[in-house]
There are 6 protein chains.
Amino acid sequence: MTPLDLHLVRDTLLAALREDIGSGDVTSRATVPDDARATGRYTTKQQLVVAGLPVVGELLRLADPGLEFRVSAQEGASVEQGSVLALVQGRARSILAAERVTLNLLQRMCGIATETREYVDRVRGTAARVVDTRKTAPGLRILDKYAVRCGGGMNHRVGLFDGVLIKNNHLEFHASIRQAIEAASRAVGHLLKIEVEVRDPEQVREAIDAGADLILLDNFTSQQTQRAVAICGGRVPLESSGGITLDNIREFAQAGVNYISVGALTHSVRAADIHLRVTPD
Amino acid sequence: MTPLDLHLVRDTLLAALREDIGSGDVTSRATVPDDARATGRYTTKQQLVVAGLPVVGELLRLADPGLEFRVSAQEGASVEQGSVLALVQGRARSILAAERVTLNLLQRMCGIATETREYVDRVRGTAARVVDTRKTAPGLRILDKYAVRCGGGMNHRVGLFDGVLIKNNHLEFHASIRQAIEAASRAVGHLLKIEVEVRDPEQVREAIDAGADLILLDNFTSQQTQRAVAICGGRVPLESSGGITLDNIREFAQAGVNYISVGALTHSVRAADIHLRVTPD
Amino acid sequence: MTPLDLHLVRDTLLAALREDIGSGDVTSRATVPDDARATGRYTTKQQLVVAGLPVVGELLRLADPGLEFRVSAQEGASVEQGSVLALVQGRARSILAAERVTLNLLQRMCGIATETREYVDRVRGTAARVVDTRKTAPGLRILDKYAVRCGGGMNHRVGLFDGVLIKNNHLEFHASIRQAIEAASRAVGHLLKIEVEVRDPEQVREAIDAGADLILLDNFTSQQTQRAVAICGGRVPLESSGGITLDNIREFAQAGVNYISVGALTHSVRAADIHLRVTPD
Amino acid sequence: MTPLDLHLVRDTLLAALREDIGSGDVTSRATVPDDARATGRYTTKQQLVVAGLPVVGELLRLADPGLEFRVSAQEGASVEQGSVLALVQGRARSILAAERVTLNLLQRMCGIATETREYVDRVRGTAARVVDTRKTAPGLRILDKYAVRCGGGMNHRVGLFDGVLIKNNHLEFHASIRQAIEAASRAVGHLLKIEVEVRDPEQVREAIDAGADLILLDNFTSQQTQRAVAICGGRVPLESSGGITLDNIREFAQAGVNYISVGALTHSVRAADIHLRVTPD
Amino acid sequence: MTPLDLHLVRDTLLAALREDIGSGDVTSRATVPDDARATGRYTTKQQLVVAGLPVVGELLRLADPGLEFRVSAQEGASVEQGSVLALVQGRARSILAAERVTLNLLQRMCGIATETREYVDRVRGTAARVVDTRKTAPGLRILDKYAVRCGGGMNHRVGLFDGVLIKNNHLEFHASIRQAIEAASRAVGHLLKIEVEVRDPEQVREAIDAGADLILLDNFTSQQTQRAVAICGGRVPLESSGGITLDNIREFAQAGVNYISVGALTHSVRAADIHLRVTPD
Amino acid sequence: MTPLDLHLVRDTLLAALREDIGSGDVTSRATVPDDARATGRYTTKQQLVVAGLPVVGELLRLADPGLEFRVSAQEGASVEQGSVLALVQGRARSILAAERVTLNLLQRMCGIATETREYVDRVRGTAARVVDTRKTAPGLRILDKYAVRCGGGMNHRVGLFDGVLIKNNHLEFHASIRQAIEAASRAVGHLLKIEVEVRDPEQVREAIDAGADLILLDNFTSQQTQRAVAICGGRVPLESSGGITLDNIREFAQAGVNYISVGALTHSVRAADIHLRVTPD
């Protein structure tokens with residue numbers, strides 16, 4: 001699994017700390033001695049898939065380089081309720097000032113990874129890969145997509161800049177799918193593939209003929225999907241998208257598509273239940 | 001309802017656009033003529049409470065000051081499935097480049113407002129107010145909290161800087177709740193109230209005697225809550241927190257607390273279903 | 001005393017160095033060898049109260065992480081003329097490039113602390129606390145307010161975001177003080193107190209009845225202040241503000257108010273006289 | 001007089017607004033209707049020299065582009081107590097949110113200009129020019145130096161980058177003034193003059209012989225200054241510095257120096273007394 | 001030709017202005033009246049291909065929104081020596097302050113476009129496209145690549161993030177080209193093609209068999225290139241790279257490759273000769 | 001030679017890395033194991049003058065503080081083809097991600113230094129110094145000018161802020177050179193010299209009489225230059241500018257000017273040929 005590049009998110013993490021701490025943590029200043037030291041344990045209150053511990057470590061380092069942070073679970077591992085994921089030691093005020101931001105990110109990321117893992121488990125044994133979308137929390141895309149990887153999912157393009165996906169809103173400007181694909185082929189750089197969204201199985205043929213590299217089956221039923229797979233005949237990869245749930249994902253996978261993208265992985269995240277218990281040293 | 005101050009989120013919105021657009025929207029460049037103009041309609045695909053249209057307007061303005069944006073629904077209003085919330089007109093490439101970011105924020109904010117409204121409806125007729133927490137998506141706190149207001153909820157403190165809330169992790173550094181409250185009273189500025197978290201009804205008395213301005217009942221049952229209300233006798237406001245759901249919130253409200261804080265309003269958001277349909281002019 | 005959180009001012013300090021150094025220190029480059037090492041001593045040329053040595057240390061670290069900095073006086077201590085406050089050793093060019101910025105901040109902060117201490121000394125033995133205002137040098141509020149603490153003063157709210165203070169310019173929008181306070185009570189978060197400015201002693205009663213948490217006596221004479229204290233009868237804290245000088249502050253303190261705010265502490269600062277004497281190693 | 005280039009200070013002004021407003025002006029939100037409009041008048045409560053009105057205008061524009069701002073006094077003009085310097089009209093909350101920051105800067109800048117004017121008036125009729133130093137409030141140098149110009153003073157170099165001034169701390173690295181000047185002559189760019197600080201009149205000769213373009217007389221008495229002027233014989237300009245007050249500046253001017261630099265103009269500023277009276281429209 | 005998205009370079013342009021203007025344009029302030037107005041004409045002193053006029057317009061707008069800018073040549077057009085490319089009118093000091101930065105960028109961009117056009121002209125009539133590289137001036141990539149498009153060239157990937165190009169430094173970590181390509185196929189997102197660098201014609205076969213989408217012929221002679229084209233048989237596009245000059249590019253094009261990348265287009269730019277003649281209005 | 005102050009360029013270097021790396025180096029992630037370690041050697045493929053190794057070191061440190069970097073050539077040294085300039089060791093992915101940016105800057109800077117050295121060699125034995133201009137790549141001025149110093153050249157002013165140079169575009173606003181110089185003398189700070197551009201030898205006299213500190217001979221022939229030198233008679237330094245090439249620079253130097261500025265040193269850079277060869281450890 002490609003690890004998280006902390007360089008890419010440092011500004012995001014700093015902004016998150018500033019957003020919460022603002023002009024200072026008035027409660028800790030008022031109730032915790034300046035020289036008090038403490039130990040904090042990030043503990044799970046549910047079964048979950050781990051994602052985000054390096055982010056917690058980086059946040060703590062940004063908040064106070066003097067804090068020590070030790071991880072006791074692996075990214076991508078499934079852990080039981082009651083597990084200690086990591087331990088932080090050092091100046092108590094620093095730990096308390098960073099507590100909420102670290103939890104907010106860790107809970108979100110573990111939530112994404114845990115949900116992704118459920119989808120991945122449902123398609124196990126098929127050739128289909130679970131893929132994310134650009135429906136992430138603004139500002140957190142790199143983190144959201146990393147959490148999907150921790151859950152066993154695969155990342156679609158990062159943004160508008162690293163992949164061509166011709167959707168219905170683009171097709172509106174062309175007389176046919178063919179025309180749109182041909183326009184794209186002429187214009188895009190030679191290192192980018194062209195994926196195109198189709199609305200019914202018959203368009204699969206047109207898209208392939210026009211030179212599409214991949215085809216996205218938008219809101220197909222599983223029956224339509226089977227038909228599309230048959231028409232495609234393996235000439236290009238197919239991706240299912242729209243209306244996918246834990247209940248029906250296996251049907252789509254078994255229909256033979258290569259990718260199944262699920263917006264809910266990142267647009268509707270259920271925070272995992274994790275606590276930070278702080279005790280004075 | 002306090003409106004959103006767009007000044008406070010402009011950097012966040014710019015960063016969100018940059019995150020998605022990066023070095024450019026290769027698909028629109030390749031498939032939509034540079035001079036094409038279009039109209040986009042933000043349309044609901046479910047019943048929802050509106051929140052975030054000014055944010056959409058600002059994002060579109062940042063993406064292209066030439067775009068025209070007209071709102072057709074009010075912040076905080078409950079609208080039916082199939083409603084057009086707003087309309088954007090102008091350069092097609094600009095609309096398409098901003099599409100996903102505007103939807104990501106609008107769907108999140110309407111999701112928060114819609115869920116908050118459900119909680120608010122459940123306590124209607126009682127004196128209790130539904131309150132948010134600091135469990136927001138990092139970087140989006142101002143927006144998340146505004147969406148809570150749109151739903152009819154009330155905001156707790158914005159961050160660590162504008163309110164004192166002594167939680168268990170702070171109490172660990174003191175021999176008693178009394179001692180912690182007294183330390184805080186000596187140290188904090190004279191414009192901030194002091195709220196303290198208690199674990200059982202008997203601590204309510206101690207907290208009031210020590211001078212707490214508010215008391216947070218942490219993970220109380222509704223029976224414990226009734227007992228706390230009785231002990232308190234209206235001397236200070238009480239806030240329920242922890243384990244509150246749509247199913248049980250009314251019990252807590254009826255027990256007589258003043259505030260009920262619900263972390264799930266912002267930490268586990270279900271994106272509202274909204275589409276942007278773009279048609280060439 | 002709450003220590004300074006250097007995290008909150010790092011950007012300010014970096015900007016200060018850039019403002020002065022710009023495209024480079026042409027004099028040091030031209031007259032001091034690149035490898036020359038030196039020792040600098042920050043020495044007082046007047047009696048003063050110390051404030052800002054951690055800021056000097058951080059500036060030097062930002063200018064050149066290789067510099068060694070040793071402090072020989074305590075924040076908040078009163079020191080005699082001729083004292084060495086701190087010592088810096090390392091690359092001569094780095095010390096010289098940072099010299100002016102370190103002195104500018106140290107002289108300002110010691111100036112504020114020294115003046116604050118004079119006010120604090122005048123009210124010693126009374127219950128009154130000397131409090132600062134938001135009349136700080138733009139960009140330097142955190143530092144100015146920290147210097148006030150070093151002098152023994154207490155901080156009022158940090159900005160417009162962490163406290164409610166209804167002033168005459170707000171009262172203009174209401175028919176009465178009562179109405180304004182009631183509007184504020186409905187609108188502000190439950191962790192913020194409400195302070196209101198009154199113009200004559202009789203308004204004290206109205207403000208208390210309306211639910212004000214604190215009352216600011218704006219430009220009262222000491223006689224009017226005594227009357228206000230009598231009317232208040234200890235029900236809420238009182239704050240004197242406006243026209244306070246070293247000559248009259250004790251009269252106000254003896255009248256029985258709880259807080260006396262002095263804008264001049266930070267809006268009209270007399271720089272303390274401190275030199276940096278640099279000698280080659 | 002060179003006008004202020006607002007481009008150079010826009011980031012500073014934005015940071016000043018953010019420092020004060022933070023997550024929002026809770027008092028105005030709570031007590032002033034969102035749609036209330038108002039008029040504010042910046043009115044002097046003392047005689048003063050005007051400086052900073054364009055800065056106020058820019059701050060108001062940054063806070064709310066919808067505000068209208070009309071200036072009724074000229075930069076550099078001396079105005080009586082009770083004068084209206086400027087008027088702002090528009091959304092009441094915007095005016096109130098920006099009030100303190102505009103006043104903090106305007107009071108500081110008018111304070112500097114007013115004090116500078118006093119010094120300038122004392123040397124009227126002589127050839128000496130009153131000059132500022134780099135002893136400005138960190139972050140506000142461009143504004144502080146502009147205010148000096150408004151008062152009739154002249155600016156010394158802006159920072160370490162646009163002028164060579166060899167001070168005692170540099171001379172420590174050389175066997176003689178001559179050696180230091182010669183080193184500088186070889187090293188600095190051909191568009192920068194070289195000024196050197198001397199400690200006694202006899203060094204004036206050495207400095208001129210070595211090629212100094214200007215000479216700074218550091219902490220000279222007026223008698224020493226006369227001697228230095230005689231030795232110099234007009235070959236290079238001379239600058240007095242150190243220990244200059246309103247009481248003695250004329251002596252130095254009459255001794256015949258060309259420039260007299262006064263650190264107190266900017267390091268020990270007395271804020272001018274200016275109020276903003278806001279009334280609902 | 002895809003137009004330049006000015007949003008993507010605004011920060012770069014602002015930084016460029018700040019780099020040159022710093023604390024102010026002392027010459028214009030000293031010699032040009034504050035209210036003087038002028039007209040400037042960007043005039044070519046050589047035949048060239050136009051690129052960068054929108055950048056000039058944006059720089060002028062950033063320097064002073066009051067300036068009027070009229071373009072009289074089209075991006076990508078070839079113009080004669082002595083042509084007026086554009087005209088700017090307004091405050092003289094603003095024009096002069098922005099002069100050098102506008103010229104520096106315009107001369108560089110026209111230089112790139114002009115050189116690119118020469119390469120493009122040499123391959124006219126063949127199927128080969130002239131392509132740029134990532135060998136751009138740091139900070140100016142978007143501008144450099146846009147200038148290449150103006151010259152008729154095609155852009156390779158923008159950065160490391162939007163295309164896979166396996167070079168020799170990557171191949172070092174694999175036993176064979178096949179292994180490297182297979183690793184990449186498993187790991188990269190499904191919207192990115194995989195290009196691989198080969199060292200001799202025989203590796204072309206291996207690369208195709210392993211699933212490469214494109215092949216880069218690194219430092220091939222034109223004979224080797226012909227052989228590679230033969231082996232490839234049109235199965236994937238081929239790109240020549242390394243050692244390409246105006247003198248030999250046609251040989252490579254005629255050998256039948258699809259793309260020819262030329263680092264010198266952007267790493268060794270000869271500034272086009274363009275002047276700005278300013279006259280008072 | 002004045003060394004490079006890395007503080008001044010850190011933001012530039014970070015921006016350069018971000019520009020290239022964007023959302024991540026997809027190729028290295030896909031083909032190089034996360035824990036692979038490697039050694040890279042920066043090797044010359046031509047004779048060149050070294051400039052920029054500290055910049056490479058800083059870029060590598062910013063990309064990954066764990067990388068080790070050892071320099072084996074001195075800034076300003078002339079080295080043969082095939083020399084190893086520096087060696088980097090550490091995480092392979094980090095080295096590969098930073099490769100192109102380090103090369104782009106190193107090649108540019110060595111290119112500038114090498115070209116500058118050629119000009120310097122041509123004037124050896126004369127009194128003339130080779131000087132750069134403000135015709136640098138926007139954003140890279142500090143680096144470009146440092147490279148000129150490595151080549152043995154001398155820097156002209158850094159920007160518009162640290163030197164007065166009255167050019168033809170300024171003279172347009174004055175009736176005569178005399179008038180322009182006198183205006184400047186009155187207005188500019190006392191630490192800046194005044195250089196003025198003249199168009200024919202006779203203007204030299206006028207400029208000197210008016211008080212110019214230096215004179216720039218704009219586009220003079222070598223004959224005109226000789227005449228100007230004669231007229232000047234050593235009273236002020238003279239600078240040749242415009243139309244200087246390697247072929248004619250010695251004529252100008254021999255004519256007796258003090259400075260010869262060459263825009264091509266930085267506006268038309270030929271990248272030096274340097275490779276980074278990476279091998280797995």
# chains A, B, ... in the order shown; residues from 1 in each chain; ligands from 1
call {"tool": "interface_residues", "arguments": {"of": "chain D", "to": "chain B", "cutoff": "10 Å", "atoms": "only C-alpha atoms", "output": "PyMOL selection string"}}
result
chain D and resi 18+21-26+29-30+33-34+62-64
call {"tool": "select_by_dssp", "arguments": {"residues": "region 7-191 of chain C", "states": "helix (DSSP H, G or I)", "output": "PDB file with C-alpha atoms, in the first residue's frame"}}
result
ATOM      1  CA  HIS C   7       3.572  28.667  18.262  1.00  0.00           C
ATOM      2  CA  LEU C   8       1.104  31.510  18.133  1.00  0.00           C
ATOM      3  CA  VAL C   9       3.673  34.124  17.152  1.00  0.00           C
ATOM      4  CA  ARG C  10       6.087  32.277  14.897  1.00  0.00           C
ATOM      5  CA  ASP C  11       4.651  33.754  11.692  1.00  0.00           C
ATOM      6  CA  THR C  12       4.782  37.219  13.233  1.00  0.00           C
ATOM      7  CA  LEU C  13       8.420  36.785  14.160  1.00  0.00           C
ATOM      8  CA  LEU C  14       9.364  35.479  10.736  1.00  0.00           C
ATOM      9  CA  ALA C  15       7.607  38.418   9.096  1.00  0.00           C
ATOM     10  CA  ALA C  16       9.483  40.801  11.374  1.00  0.00           C
ATOM     11  CA  LEU C  17      12.824  39.335  10.349  1.00  0.00           C
ATOM     12  CA  ARG C  18      11.918  39.490   6.683  1.00  0.00           C
ATOM     13  CA  GLU C  19      10.759  43.060   6.989  1.00  0.00           C
ATOM     14  CA  ASP C  20      14.151  44.131   8.236  1.00  0.00           C
ATOM     15  CA  ILE C  21      16.496  41.780   6.395  1.00  0.00           C
ATOM     16  CA  VAL C  26      24.475  44.420   3.057  1.00  0.00           C
ATOM     17  CA  THR C  27      26.534  45.967   5.839  1.00  0.00           C
ATOM     18  CA  SER C  28      27.375  42.758   7.674  1.00  0.00           C
ATOM     19  CA  ARG C  29      28.122  40.995   4.421  1.00  0.00           C
ATOM     20  CA  ALA C  30      30.512  43.782   3.515  1.00  0.00           C
ATOM     21  CA  THR C  31      32.293  44.219   6.838  1.00  0.00           C
ATOM     22  CA  LEU C  53      13.461  36.882  26.316  1.00  0.00           C
ATOM     23  CA  PRO C  54      11.793  33.740  24.884  1.00  0.00           C
ATOM     24  CA  VAL C  55      10.833  35.879  21.904  1.00  0.00           C
ATOM     25  CA  VAL C  56      14.434  36.949  21.426  1.00  0.00           C
ATOM     26  CA  GLY C  57      15.491  33.325  21.629  1.00  0.00           C
ATOM     27  CA  GLU C  58      12.972  32.281  19.026  1.00  0.00           C
ATOM     28  CA  LEU C  59      13.941  35.114  16.665  1.00  0.00           C
ATOM     29  CA  LEU C  60      17.587  34.125  16.904  1.00  0.00           C
ATOM     30  CA  ARG C  61      16.686  30.488  16.282  1.00  0.00           C
ATOM     31  CA  LEU C  62      14.640  31.470  13.237  1.00  0.00           C
ATOM     32  CA  ALA C  63      17.476  33.631  11.929  1.00  0.00           C
ATOM     33  CA  ALA C  92      28.535  36.989  13.805  1.00  0.00           C
ATOM     34  CA  ARG C  93      26.598  37.847  10.652  1.00  0.00           C
ATOM     35  CA  SER C  94      23.522  36.050  11.974  1.00  0.00           C
ATOM     36  CA  ILE C  95      23.620  37.901  15.289  1.00  0.00           C
ATOM     37  CA  LEU C  96      24.008  41.243  13.543  1.00  0.00           C
ATOM     38  CA  ALA C  97      21.230  40.516  11.058  1.00  0.00           C
ATOM     39  CA  ALA C  98      18.786  39.741  13.860  1.00  0.00           C
ATOM     40  CA  GLU C  99      19.992  42.448  16.248  1.00  0.00           C
ATOM     41  CA  ARG C 100      17.522  45.214  15.485  1.00  0.00           C
ATOM     42  CA  VAL C 101      14.426  43.017  15.351  1.00  0.00           C
ATOM     43  CA  THR C 102      15.273  41.345  18.643  1.00  0.00           C
ATOM     44  CA  LEU C 103      15.874  44.717  20.264  1.00  0.00           C
ATOM     45  CA  ASN C 104      12.745  46.271  18.817  1.00  0.00           C
ATOM     46  CA  LEU C 105      10.575  43.557  20.329  1.00  0.00           C
ATOM     47  CA  LEU C 106      12.468  43.229  23.599  1.00  0.00           C
ATOM     48  CA  GLN C 107      12.466  46.979  24.198  1.00  0.00           C
ATOM     49  CA  ARG C 108       8.751  47.196  23.481  1.00  0.00           C
ATOM     50  CA  MET C 109       7.850  44.232  25.652  1.00  0.00           C
ATOM     51  CA  CYS C 110      10.031  45.284  28.584  1.00  0.00           C
ATOM     52  CA  GLY C 111       8.571  48.779  28.185  1.00  0.00           C
ATOM     53  CA  ILE C 112       5.049  47.411  28.502  1.00  0.00           C
ATOM     54  CA  ALA C 113       5.927  45.171  31.451  1.00  0.00           C
ATOM     55  CA  THR C 114       7.710  47.971  33.267  1.00  0.00           C
ATOM     56  CA  GLU C 115       4.838  50.395  32.857  1.00  0.00           C
ATOM     57  CA  THR C 116       2.289  47.741  33.814  1.00  0.00           C
ATOM     58  CA  ARG C 117       4.242  46.979  36.979  1.00  0.00           C
ATOM     59  CA  GLU C 118       3.982  50.636  37.981  1.00  0.00           C
ATOM     60  CA  TYR C 119       0.222  50.511  37.698  1.00  0.00           C
ATOM     61  CA  VAL C 120       0.082  47.214  39.535  1.00  0.00           C
ATOM     62  CA  ASP C 121       2.218  48.592  42.349  1.00  0.00           C
ATOM     63  CA  ARG C 122      -0.149  51.523  42.779  1.00  0.00           C
ATOM     64  CA  ARG C 141      -1.384  41.545  20.279  1.00  0.00           C
ATOM     65  CA  ILE C 142      -0.257  38.191  21.652  1.00  0.00           C
ATOM     66  CA  LEU C 143       3.131  39.670  22.503  1.00  0.00           C
ATOM     67  CA  ASP C 144       1.748  42.897  23.953  1.00  0.00           C
ATOM     68  CA  LYS C 145      -0.679  40.982  26.159  1.00  0.00           C
ATOM     69  CA  TYR C 146       1.994  38.593  27.320  1.00  0.00           C
ATOM     70  CA  ALA C 147       4.142  41.574  28.317  1.00  0.00           C
ATOM     71  CA  VAL C 148       1.238  42.897  30.359  1.00  0.00           C
ATOM     72  CA  ARG C 149       1.140  39.578  32.210  1.00  0.00           C
ATOM     73  CA  CYS C 150       4.889  39.825  32.834  1.00  0.00           C
ATOM     74  CA  ASN C 168     -21.820  52.629  23.417  1.00  0.00           C
ATOM     75  CA  ASN C 169     -21.495  52.036  19.686  1.00  0.00           C
ATOM     76  CA  HIS C 170     -23.572  48.883  20.146  1.00  0.00           C
ATOM     77  CA  LEU C 171     -26.077  50.460  22.525  1.00  0.00           C
ATOM     78  CA  ILE C 177     -29.295  48.877  27.972  1.00  0.00           C
ATOM     79  CA  ARG C 178     -31.798  46.283  29.088  1.00  0.00           C
ATOM     80  CA  GLN C 179     -32.862  45.594  25.544  1.00  0.00           C
ATOM     81  CA  ALA C 180     -29.269  45.243  24.355  1.00  0.00           C
ATOM     82  CA  ILE C 181     -28.325  42.847  27.122  1.00  0.00           C
ATOM     83  CA  GLU C 182     -31.406  40.730  26.527  1.00  0.00           C
ATOM     84  CA  ALA C 183     -30.629  40.560  22.820  1.00  0.00           C
ATOM     85  CA  ALA C 184     -27.104  39.476  23.601  1.00  0.00           C
ATOM     86  CA  SER C 185     -28.227  36.855  26.122  1.00  0.00           C
ATOM     87  CA  ARG C 186     -30.398  35.224  23.505  1.00  0.00           C
ATOM     88  CA  ALA C 187     -27.698  35.245  20.861  1.00  0.00           C
TER      89      ALA C 187
END
call {"tool": "residues_around", "arguments": {"residues": "Thr221 (chain C)", "least_positions_apart": "3", "cutoff": "10 Å", "atoms": "only C-alpha atoms", "output": "compact mmCIF listing (two decimals) with all heavy atoms, in the first residue's frame"}}
result
# COMPACT_ATOMS: atom_id res chain seq x y z
N ASP C 200 -23.54 56.15 33.49
CA ASP C 200 -23.71 56.78 34.78
C ASP C 200 -24.13 55.72 35.80
O ASP C 200 -24.59 54.63 35.43
CB ASP C 200 -24.71 57.94 34.72
CG ASP C 200 -26.10 57.48 34.38
OD1 ASP C 200 -26.72 56.74 35.17
OD2 ASP C 200 -26.58 57.86 33.29
N LEU C 217 -17.51 50.60 33.80
CA LEU C 217 -17.85 51.99 34.13
C LEU C 217 -17.01 52.89 33.24
O LEU C 217 -15.80 53.03 33.44
CB LEU C 217 -17.55 52.25 35.60
CG LEU C 217 -18.11 51.21 36.59
CD1 LEU C 217 -17.64 51.50 38.01
CD2 LEU C 217 -19.64 51.17 36.52
N ASP C 218 -17.64 53.48 32.25
CA ASP C 218 -16.91 54.19 31.20
C ASP C 218 -16.68 55.66 31.56
O ASP C 218 -17.63 56.44 31.66
CB ASP C 218 -17.72 54.10 29.89
CG ASP C 218 -16.98 54.72 28.72
OD1 ASP C 218 -15.74 54.66 28.69
OD2 ASP C 218 -17.66 55.28 27.84
N GLN C 224 -18.23 58.95 41.14
CA GLN C 224 -19.26 58.16 40.44
C GLN C 224 -18.99 56.66 40.62
O GLN C 224 -19.92 55.86 40.74
CB GLN C 224 -19.25 58.47 38.94
CG GLN C 224 -19.82 59.84 38.57
CD GLN C 224 -19.66 60.10 37.08
OE1 GLN C 224 -18.54 60.04 36.55
NE2 GLN C 224 -20.77 60.41 36.41
N THR C 225 -17.72 56.32 40.64
CA THR C 225 -17.34 54.91 40.79
C THR C 225 -17.79 54.38 42.15
O THR C 225 -18.34 53.27 42.26
CB THR C 225 -15.83 54.75 40.62
OG1 THR C 225 -15.44 55.30 39.35
CG2 THR C 225 -15.41 53.29 40.70
N GLN C 226 -17.57 55.18 43.19
CA GLN C 226 -18.01 54.77 44.53
C GLN C 226 -19.52 54.52 44.55
O GLN C 226 -20.01 53.55 45.12
CB GLN C 226 -17.66 55.85 45.56
CG GLN C 226 -16.17 55.91 45.88
CD GLN C 226 -15.79 57.14 46.68
OE1 GLN C 226 -16.66 57.90 47.11
NE2 GLN C 226 -14.51 57.34 46.87
N ARG C 227 -20.23 55.42 43.90
CA ARG C 227 -21.69 55.28 43.85
C ARG C 227 -22.08 54.00 43.12
O ARG C 227 -22.96 53.26 43.56
CB ARG C 227 -22.27 56.53 43.15
CG ARG C 227 -23.73 56.48 42.82
CD ARG C 227 -24.56 57.44 43.67
NE ARG C 227 -25.99 57.25 43.37
CZ ARG C 227 -26.77 56.41 44.03
NH1 ARG C 227 -26.31 55.73 45.07
NH2 ARG C 227 -28.04 56.27 43.68
N SER C 240 -13.43 49.56 35.89
CA SER C 240 -13.24 50.98 35.54
C SER C 240 -12.45 51.08 34.25
O SER C 240 -11.51 50.30 34.04
CB SER C 240 -12.47 51.70 36.65
OG SER C 240 -13.28 51.84 37.79
N GLY C 242 -11.11 54.19 31.15
CA GLY C 242 -11.15 55.55 30.61
C GLY C 242 -10.57 56.55 31.57
O GLY C 242 -11.03 56.68 32.71
N GLY C 243 -9.55 57.26 31.15
CA GLY C 243 -9.00 58.33 31.96
C GLY C 243 -8.19 57.88 33.15
O GLY C 243 -7.91 58.68 34.05
N ILE C 244 -7.79 56.61 33.18
CA ILE C 244 -7.00 56.11 34.31
C ILE C 244 -5.52 56.47 34.09
O ILE C 244 -4.99 56.25 33.01
CB ILE C 244 -7.10 54.58 34.42
CG1 ILE C 244 -8.57 54.13 34.33
CG2 ILE C 244 -6.42 54.09 35.69
CD1 ILE C 244 -9.44 54.52 35.46
N ASN C 248 -4.15 58.61 39.35
CA ASN C 248 -5.49 58.43 39.93
C ASN C 248 -5.92 56.96 40.06
O ASN C 248 -7.00 56.69 40.59
CB ASN C 248 -6.53 59.22 39.12
CG ASN C 248 -6.68 58.69 37.69
OD1 ASN C 248 -6.31 57.55 37.40
ND2 ASN C 248 -7.23 59.51 36.81
N GLU C 251 -7.24 55.74 43.49
CA GLU C 251 -8.58 56.20 43.88
C GLU C 251 -9.66 55.24 43.36
O GLU C 251 -10.61 54.93 44.07
CB GLU C 251 -8.89 57.57 43.25
CG GLU C 251 -8.14 58.74 43.85
CD GLU C 251 -8.42 59.98 43.01
OE1 GLU C 251 -9.61 60.22 42.65
OE2 GLU C 251 -7.45 60.69 42.67
N PHE C 252 -9.48 54.82 42.12
CA PHE C 252 -10.47 53.92 41.53
C PHE C 252 -10.42 52.55 42.22
O PHE C 252 -11.44 51.95 42.52
CB PHE C 252 -10.25 53.77 40.03
CG PHE C 252 -10.64 55.00 39.25
CD1 PHE C 252 -9.73 56.02 39.01
CD2 PHE C 252 -11.95 55.16 38.80
CE1 PHE C 252 -10.10 57.16 38.33
CE2 PHE C 252 -12.32 56.30 38.11
CZ PHE C 252 -11.40 57.31 37.89
call {"tool": "select_by_dssp", "arguments": {"residues": "region 113-245 of chain D", "states": "strand (DSSP E or B)", "output": "PyMOL selection string"}}
result
chain D and resi 129-131+154+164-166+192+194-198+214-218+238-241
